[in-house]
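Below is protein_11.pdb, holding PDB, C-alpha atoms, pLDDT in the B column.
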```pdb
ATOM      1  CA  MET D  18    -103.982 -70.563 -78.948  1.00 62.00           C
ATOM      2  CA  LYS D  19    -105.012 -68.077 -76.254  1.00 64.00           C
ATOM      3  CA  GLU D  20    -107.454 -70.648 -74.925  1.00 66.00           C
ATOM      4  CA  HIS D  21    -104.629 -73.191 -74.510  1.00 57.00           C
ATOM      5  CA  ARG D  22    -102.511 -70.683 -72.606  1.00 63.00           C
ATOM      6  CA  LYS D  23    -105.342 -69.977 -70.190  1.00 56.00           C
ATOM      7  CA  ILE D  24    -105.841 -73.685 -69.577  1.00 62.00           C
ATOM      8  CA  LEU D  25    -102.104 -74.188 -69.097  1.00 50.00           C
ATOM      9  CA  VAL D  26    -101.937 -71.302 -66.592  1.00 45.00           C
ATOM     10  CA  VAL D  27    -104.870 -72.742 -64.636  1.00 43.00           C
ATOM     11  CA  ILE D  28    -103.263 -76.201 -64.558  1.00 54.00           C
ATOM     12  CA  VAL D  29     -99.935 -74.763 -63.357  1.00 47.00           C
ATOM     13  CA  LEU D  30    -101.692 -72.778 -60.614  1.00 43.00           C
ATOM     14  CA  VAL D  31    -103.628 -75.831 -59.436  1.00 44.00           C
ATOM     15  CA  VAL D  32    -100.442 -77.914 -59.326  1.00 47.00           C
ATOM     16  CA  LEU D  33     -98.573 -75.197 -57.392  1.00 46.00           C
ATOM     17  CA  LEU D  34    -101.399 -74.779 -54.878  1.00 42.00           C
ATOM     18  CA  THR D  35    -101.619 -78.544 -54.382  1.00 45.00           C
ATOM     19  CA  LEU D  36     -97.863 -78.842 -53.916  1.00 42.00           C
ATOM     20  CA  THR D  37     -97.844 -75.957 -51.408  1.00 41.00           C
ATOM     21  CA  THR D  38    -100.647 -77.596 -49.424  1.00 38.00           C
ATOM     22  CA  VAL D  39     -98.885 -80.972 -49.373  1.00 42.00           C
ATOM     23  CA  LEU D  40     -95.563 -79.454 -48.315  1.00 45.00           C
ATOM     24  CA  ALA D  41     -97.163 -77.294 -45.620  1.00 44.00           C
ATOM     25  CA  GLY D  42     -98.955 -80.339 -44.260  1.00 50.00           C
ATOM     26  CA  SER D  43     -95.672 -82.178 -43.806  1.00 78.00           C
ATOM     27  CA  GLU D  44     -94.104 -79.516 -41.585  1.00 93.00           C
ATOM     28  CA  ILE D  45     -93.007 -80.710 -38.154  1.00 95.00           C
ATOM     29  CA  THR D  46     -93.777 -78.436 -35.222  1.00 96.00           C
ATOM     30  CA  VAL D  47     -91.826 -78.453 -31.959  1.00 96.00           C
ATOM     31  CA  LEU D  48     -93.352 -77.100 -28.760  1.00 96.00           C
ATOM     32  CA  ILE D  49     -91.368 -76.584 -25.567  1.00 94.00           C
ATOM     33  CA  ASP D  50     -93.638 -75.883 -22.602  1.00 94.00           C
ATOM     34  CA  GLY D  51     -96.351 -74.874 -25.082  1.00 93.00           C
ATOM     35  CA  GLU D  52     -94.179 -72.413 -27.028  1.00 94.00           C
ATOM     36  CA  LYS D  53     -93.587 -73.070 -30.733  1.00 96.00           C
ATOM     37  CA  ILE D  54     -89.894 -73.154 -31.602  1.00 95.00           C
ATOM     38  CA  GLU D  55     -88.657 -71.621 -34.852  1.00 94.00           C
ATOM     39  CA  PHE D  56     -85.715 -73.221 -36.678  1.00 93.00           C
ATOM     40  CA  GLU D  57     -83.368 -72.056 -39.440  1.00 92.00           C
ATOM     41  CA  VAL D  58     -83.318 -75.647 -40.714  1.00 94.00           C
ATOM     42  CA  PRO D  59     -86.683 -77.387 -40.255  1.00 96.00           C
ATOM     43  CA  PRO D  60     -87.012 -80.567 -38.174  1.00 96.00           C
ATOM     44  CA  GLN D  61     -86.943 -83.712 -40.289  1.00 95.00           C
ATOM     45  CA  ILE D  62     -87.845 -87.372 -39.959  1.00 95.00           C
ATOM     46  CA  MET D  63     -84.776 -89.570 -40.498  1.00 94.00           C
ATOM     47  CA  ASN D  64     -84.936 -93.328 -40.008  1.00 92.00           C
ATOM     48  CA  GLY D  65     -88.157 -92.921 -38.062  1.00 91.00           C
ATOM     49  CA  ARG D  66     -86.763 -90.284 -35.674  1.00 93.00           C
ATOM     50  CA  THR D  67     -87.510 -86.576 -35.527  1.00 95.00           C
ATOM     51  CA  MET D  68     -84.244 -84.701 -35.946  1.00 96.00           C
ATOM     52  CA  VAL D  69     -84.004 -81.106 -34.726  1.00 96.00           C
ATOM     53  CA  PRO D  70     -81.267 -78.466 -34.852  1.00 96.00           C
ATOM     54  CA  PHE D  71     -79.072 -78.939 -31.757  1.00 95.00           C
ATOM     55  CA  ARG D  72     -78.417 -75.271 -30.992  1.00 94.00           C
ATOM     56  CA  ALA D  73     -82.037 -74.167 -31.309  1.00 94.00           C
ATOM     57  CA  ILE D  74     -83.461 -76.998 -29.215  1.00 93.00           C
ATOM     58  CA  PHE D  75     -80.803 -76.727 -26.501  1.00 93.00           C
ATOM     59  CA  GLU D  76     -80.962 -72.945 -26.219  1.00 94.00           C
ATOM     60  CA  ASN D  77     -84.756 -73.139 -25.970  1.00 93.00           C
ATOM     61  CA  LEU D  78     -84.315 -75.680 -23.166  1.00 92.00           C
ATOM     62  CA  GLY D  79     -82.141 -73.118 -21.377  1.00 92.00           C
ATOM     63  CA  ALA D  80     -78.794 -74.768 -22.126  1.00 94.00           C
ATOM     64  CA  GLU D  81     -75.528 -73.141 -23.092  1.00 96.00           C
ATOM     65  CA  VAL D  82     -74.220 -74.503 -26.386  1.00 96.00           C
ATOM     66  CA  ASP D  83     -70.713 -75.064 -27.689  1.00 96.00           C
ATOM     67  CA  TRP D  84     -69.144 -76.790 -30.709  1.00 96.00           C
ATOM     68  CA  ASP D  85     -65.856 -78.737 -30.791  1.00 97.00           C
ATOM     69  CA  ASN D  86     -64.776 -78.499 -34.415  1.00 96.00           C
ATOM     70  CA  ASP D  87     -61.885 -80.961 -33.974  1.00 97.00           C
ATOM     71  CA  THR D  88     -64.156 -83.810 -32.863  1.00 97.00           C
ATOM     72  CA  ARG D  89     -67.309 -82.466 -34.593  1.00 97.00           C
ATOM     73  CA  THR D  90     -69.155 -82.604 -31.292  1.00 97.00           C
ATOM     74  CA  ALA D  91     -72.071 -80.436 -30.187  1.00 96.00           C
ATOM     75  CA  ILE D  92     -72.096 -79.737 -26.443  1.00 97.00           C
ATOM     76  CA  GLY D  93     -74.984 -78.504 -24.319  1.00 95.00           C
ATOM     77  CA  ILE D  94     -74.842 -77.569 -20.623  1.00 96.00           C
ATOM     78  CA  ARG D  95     -77.982 -77.030 -18.540  1.00 93.00           C
ATOM     79  CA  ASN D  96     -78.170 -77.154 -14.747  1.00 90.00           C
ATOM     80  CA  ASP D  97     -74.667 -78.677 -14.658  1.00 91.00           C
ATOM     81  CA  ILE D  98     -75.740 -81.546 -16.952  1.00 93.00           C
ATOM     82  CA  VAL D  99     -73.350 -81.853 -19.893  1.00 96.00           C
ATOM     83  CA  VAL D 100     -74.672 -83.463 -23.101  1.00 96.00           C
ATOM     84  CA  GLU D 101     -72.293 -84.286 -25.964  1.00 96.00           C
ATOM     85  CA  ALA D 102     -73.420 -85.474 -29.389  1.00 96.00           C
ATOM     86  CA  GLN D 103     -70.869 -86.218 -32.112  1.00 97.00           C
ATOM     87  CA  ILE D 104     -71.649 -86.125 -35.828  1.00 97.00           C
ATOM     88  CA  GLY D 105     -72.040 -89.653 -37.221  1.00 97.00           C
ATOM     89  CA  ASN D 106     -71.847 -91.305 -33.789  1.00 97.00           C
ATOM     90  CA  THR D 107     -74.888 -92.974 -32.214  1.00 96.00           C
ATOM     91  CA  THR D 108     -73.303 -92.723 -28.767  1.00 96.00           C
ATOM     92  CA  MET D 109     -74.319 -89.599 -26.853  1.00 95.00           C
ATOM     93  CA  ARG D 110     -72.680 -88.715 -23.536  1.00 96.00           C
ATOM     94  CA  VAL D 111     -74.762 -87.367 -20.671  1.00 95.00           C
ATOM     95  CA  ASP D 112     -72.473 -86.290 -17.821  1.00 94.00           C
ATOM     96  CA  GLY D 113     -69.884 -88.739 -19.144  1.00 93.00           C
ATOM     97  CA  VAL D 114     -72.306 -91.670 -19.252  1.00 95.00           C
ATOM     98  CA  GLU D 115     -72.689 -93.163 -22.715  1.00 96.00           C
ATOM     99  CA  LYS D 116     -76.207 -93.572 -24.107  1.00 94.00           C
ATOM    100  CA  THR D 117     -77.030 -95.108 -27.476  1.00 94.00           C
ATOM    101  CA  MET D 118     -79.266 -93.221 -29.886  1.00 94.00           C
ATOM    102  CA  ASP D 119     -81.147 -94.884 -32.748  1.00 92.00           C
ATOM    103  CA  VAL D 120     -79.915 -92.252 -35.188  1.00 94.00           C
ATOM    104  CA  ALA D 121     -76.577 -90.428 -35.223  1.00 96.00           C
ATOM    105  CA  PRO D 122     -76.431 -86.629 -35.409  1.00 97.00           C
ATOM    106  CA  VAL D 123     -75.961 -85.225 -38.923  1.00 97.00           C
ATOM    107  CA  ILE D 124     -75.221 -81.863 -40.496  1.00 95.00           C
ATOM    108  CA  VAL D 125     -77.946 -80.453 -42.764  1.00 95.00           C
ATOM    109  CA  GLY D 126     -77.832 -76.935 -44.139  1.00 94.00           C
ATOM    110  CA  GLY D 127     -74.894 -76.095 -41.882  1.00 94.00           C
ATOM    111  CA  ARG D 128     -76.793 -77.123 -38.743  1.00 94.00           C
ATOM    112  CA  THR D 129     -76.295 -80.148 -36.513  1.00 96.00           C
ATOM    113  CA  LEU D 130     -79.496 -82.195 -36.312  1.00 97.00           C
ATOM    114  CA  VAL D 131     -80.009 -84.528 -33.351  1.00 96.00           C
ATOM    115  CA  PRO D 132     -82.874 -86.839 -32.301  1.00 95.00           C
ATOM    116  CA  ALA D 133     -85.357 -84.638 -30.401  1.00 93.00           C
ATOM    117  CA  ARG D 134     -86.362 -87.306 -27.892  1.00 91.00           C
ATOM    118  CA  PHE D 135     -82.823 -88.225 -26.845  1.00 89.00           C
ATOM    119  CA  VAL D 136     -81.599 -84.701 -26.254  1.00 85.00           C
ATOM    120  CA  ALA D 137     -84.747 -83.571 -24.446  1.00 89.00           C
ATOM    121  CA  GLU D 138     -84.795 -86.671 -22.238  1.00 90.00           C
ATOM    122  CA  ALA D 139     -81.116 -86.062 -21.408  1.00 90.00           C
ATOM    123  CA  TYR D 140     -82.396 -83.012 -19.507  1.00 90.00           C
ATOM    124  CA  ASN D 141     -85.218 -85.007 -17.893  1.00 90.00           C
ATOM    125  CA  CYS D 142     -87.886 -83.512 -20.125  1.00 92.00           C
ATOM    126  CA  ASP D 143     -91.065 -85.366 -21.023  1.00 93.00           C
ATOM    127  CA  VAL D 144     -91.366 -85.867 -24.792  1.00 93.00           C
ATOM    128  CA  LYS D 145     -94.471 -86.803 -26.778  1.00 94.00           C
ATOM    129  CA  TRP D 146     -95.226 -87.110 -30.494  1.00 93.00           C
ATOM    130  CA  ASP D 147     -98.625 -86.122 -31.884  1.00 94.00           C
ATOM    131  CA  ASN D 148     -98.893 -87.890 -35.220  1.00 92.00           C
ATOM    132  CA  ASP D 149    -102.107 -86.102 -36.256  1.00 93.00           C
ATOM    133  CA  THR D 150    -100.491 -82.660 -36.059  1.00 94.00           C
ATOM    134  CA  ARG D 151     -96.882 -83.831 -36.617  1.00 96.00           C
ATOM    135  CA  THR D 152     -95.854 -82.125 -33.407  1.00 96.00           C
ATOM    136  CA  VAL D 153     -93.049 -82.866 -30.946  1.00 95.00           C
ATOM    137  CA  ILE D 154     -94.211 -81.810 -27.487  1.00 95.00           C
ATOM    138  CA  ILE D 155     -91.499 -81.247 -24.899  1.00 95.00           C
ATOM    139  CA  MET D 156     -92.297 -80.443 -21.284  1.00 95.00           C
ATOM    140  CA  THR D 157     -89.448 -79.329 -19.063  1.00 90.00           C
ATOM    141  CA  ASP D 158     -89.330 -80.116 -15.371  1.00 77.00           C
ATOM    142  CA  SER D 159     -90.349 -76.505 -14.669  1.00 65.00           C
ATOM    143  CA  ALA D 160     -93.381 -76.522 -16.967  1.00 54.00           C
ATOM    144  CA  GLU D 161     -96.914 -76.171 -15.767  1.00 49.00           C
ATOM    145  CA  LEU D 162     -99.541 -78.519 -17.168  1.00 45.00           C
ATOM    146  CA  TYR D 163    -101.531 -77.156 -20.081  1.00 45.00           C
ATOM    147  CA  ASP D 164    -103.903 -78.422 -22.736  1.00 45.00           C
ATOM    148  CA  ILE D 165    -101.510 -79.448 -25.498  1.00 46.00           C
ATOM    149  CA  THR D 166    -103.913 -80.608 -28.160  1.00 45.00           C
ATOM    150  CA  ASN D 167    -107.286 -82.098 -28.681  1.00 45.00           C
ATOM    151  CA  SER D 168    -106.174 -84.580 -31.338  1.00 45.00           C
ATOM    152  CA  SER D 169    -107.103 -88.235 -31.147  1.00 47.00           C
ATOM    153  CA  SER D 170    -103.513 -89.523 -31.435  1.00 47.00           C
ATOM    154  CA  TRP D 171    -102.457 -87.507 -28.382  1.00 45.00           C
ATOM    155  CA  ASN D 172    -105.404 -88.816 -26.399  1.00 44.00           C
ATOM    156  CA  ASP D 173    -104.768 -92.372 -27.652  1.00 48.00           C
ATOM    157  CA  SER D 174    -101.126 -92.021 -26.629  1.00 46.00           C
ATOM    158  CA  LEU D 175    -102.130 -90.995 -23.104  1.00 44.00           C
ATOM    159  CA  LEU D 176    -104.556 -93.902 -22.848  1.00 41.00           C
ATOM    160  CA  GLU D 177    -101.848 -96.354 -23.958  1.00 46.00           C
ATOM    161  CA  GLN D 178     -99.471 -95.055 -21.301  1.00 39.00           C
ATOM    162  CA  GLN D 179    -102.062 -95.540 -18.572  1.00 36.00           C
ATOM    163  CA  LYS D 180    -102.580 -99.240 -19.437  1.00 37.00           C
TER     164      LYS D 180
END
```
Rendering of file as structure tokens:
Amino acid sequence: MKEHRKILVVIVLVVLLTLTTVLAGSEITVLIDGEKIEFEVPPQIMNGRTMVPFRAIFENLGAEVDWDNDTRTAIGIRNDIVVEAQIGNTTMRVDGVEKTMDVAPVIVGGRTLVPARFVAEAYNCDVKWDNDTRTVIIMTDSAELYDITNSSSWNDSLLEQQK
């Protein structure tokens, strides 16, 4: 009986370690000008788009953030550029000009998640995705060039852009 318990404990530990490794490997990292951004609600892939918490991404881009509870709209202002993203609406406004997103903002864990690429590009940032490291790389207009990663997908992505 004691032998069975030991085997059961070992099996449970192996399963837990495997699950932890798999979950850790699926984490999405966001870098802005080389700095890793921490989020209360982790970035997630939804319908093929990386969704990030609005407030955290905008504040790290240097924007002021506001929330209109009546219209359920997140608002970011940076360098006089106003970005508005409404929950459930694929139309984002950038200085009053409507732009269509592939995925509408959603609320997860009490946080508004928005497509990383759309909001960063609204502030004229360069956005890249490194599939090998599952990293969103955002470079602001004030960023200096730096060595982002050595991964093959990043290098392949750069080569594709140059063609």
TODO: To verify the selection step, state as a list of chain:residue names which residues the PyMOL selection byres ((chain D and resi 109-125) around 8) yields on this input.
DONE: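 Matching residues under the PyMOL selection byres ((chain D and resi 109-125) around 8) are D:Val58, D:Met63, D:Asn64, D:Arg66, D:Ile98, D:Val99, D:Val100, D:Glu101, D:Ala102, D:Gln103, D:Ile104, D:Gly105, D:Asn106, D:Thr107, D:Thr108, D:Gly126, D:Gly127, D:Arg128, D:Thr129, D:Leu130, D:Val131, D:Pro132, D:Phe135, D:Ala139.
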Open item on the list: For the provided coordinates, the residues matched by the PyMOL selection byres ((chain D and resi 45) around 7) should be stated as a ChimeraX atom specification.
Closed with: /D:43-44,46-47,60,151-152
Written selection (C-alpha atoms) as a compact mmCIF listing (two decimals), in the coordinates of the input:
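Below is the file out_32.txt, written as the result:
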```txt
# COMPACT_ATOMS: atom_id res chain seq x y z
CA SER D 43 -95.67 -82.18 -43.81
CA GLU D 44 -94.10 -79.52 -41.58
CA THR D 46 -93.78 -78.44 -35.22
CA VAL D 47 -91.83 -78.45 -31.96
CA PRO D 60 -87.01 -80.57 -38.17
CA ARG D 151 -96.88 -83.83 -36.62
CA THR D 152 -95.85 -82.12 -33.41
```
Open item on the list: the PyMOL selection byres ((chain D and resi 155) around 12) - which residues does that actually catch in the file I just gave you? List them as a VMD selection string.
Closed with: chain D and resid 46 to 54 74 to 75 77 to 78 133 to 147 152 to 154 156 to 163 165
- [ ] Provide the atom CA of Glu57 of chain D to atom CA of Arg72 of chain D distance in Å, to one decimal place.
- [x]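 Result for atom CA of Glu57 of chain D versus atom CA of Arg72 of chain D: 10.3 Å, one decimal.
In this structure, atom CA of Asp97 of chain D sits 22.3 Å away from atom CA of Val69 of chain D.
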- [ ] Quote the spacing between atom CA of Ile94 of chain D and atom CA of Met68 of chain D in Å to one decimal place.
- [x]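 Result for atom CA of Ile94 of chain D versus atom CA of Met68 of chain D: 19.3 Å, one decimal.
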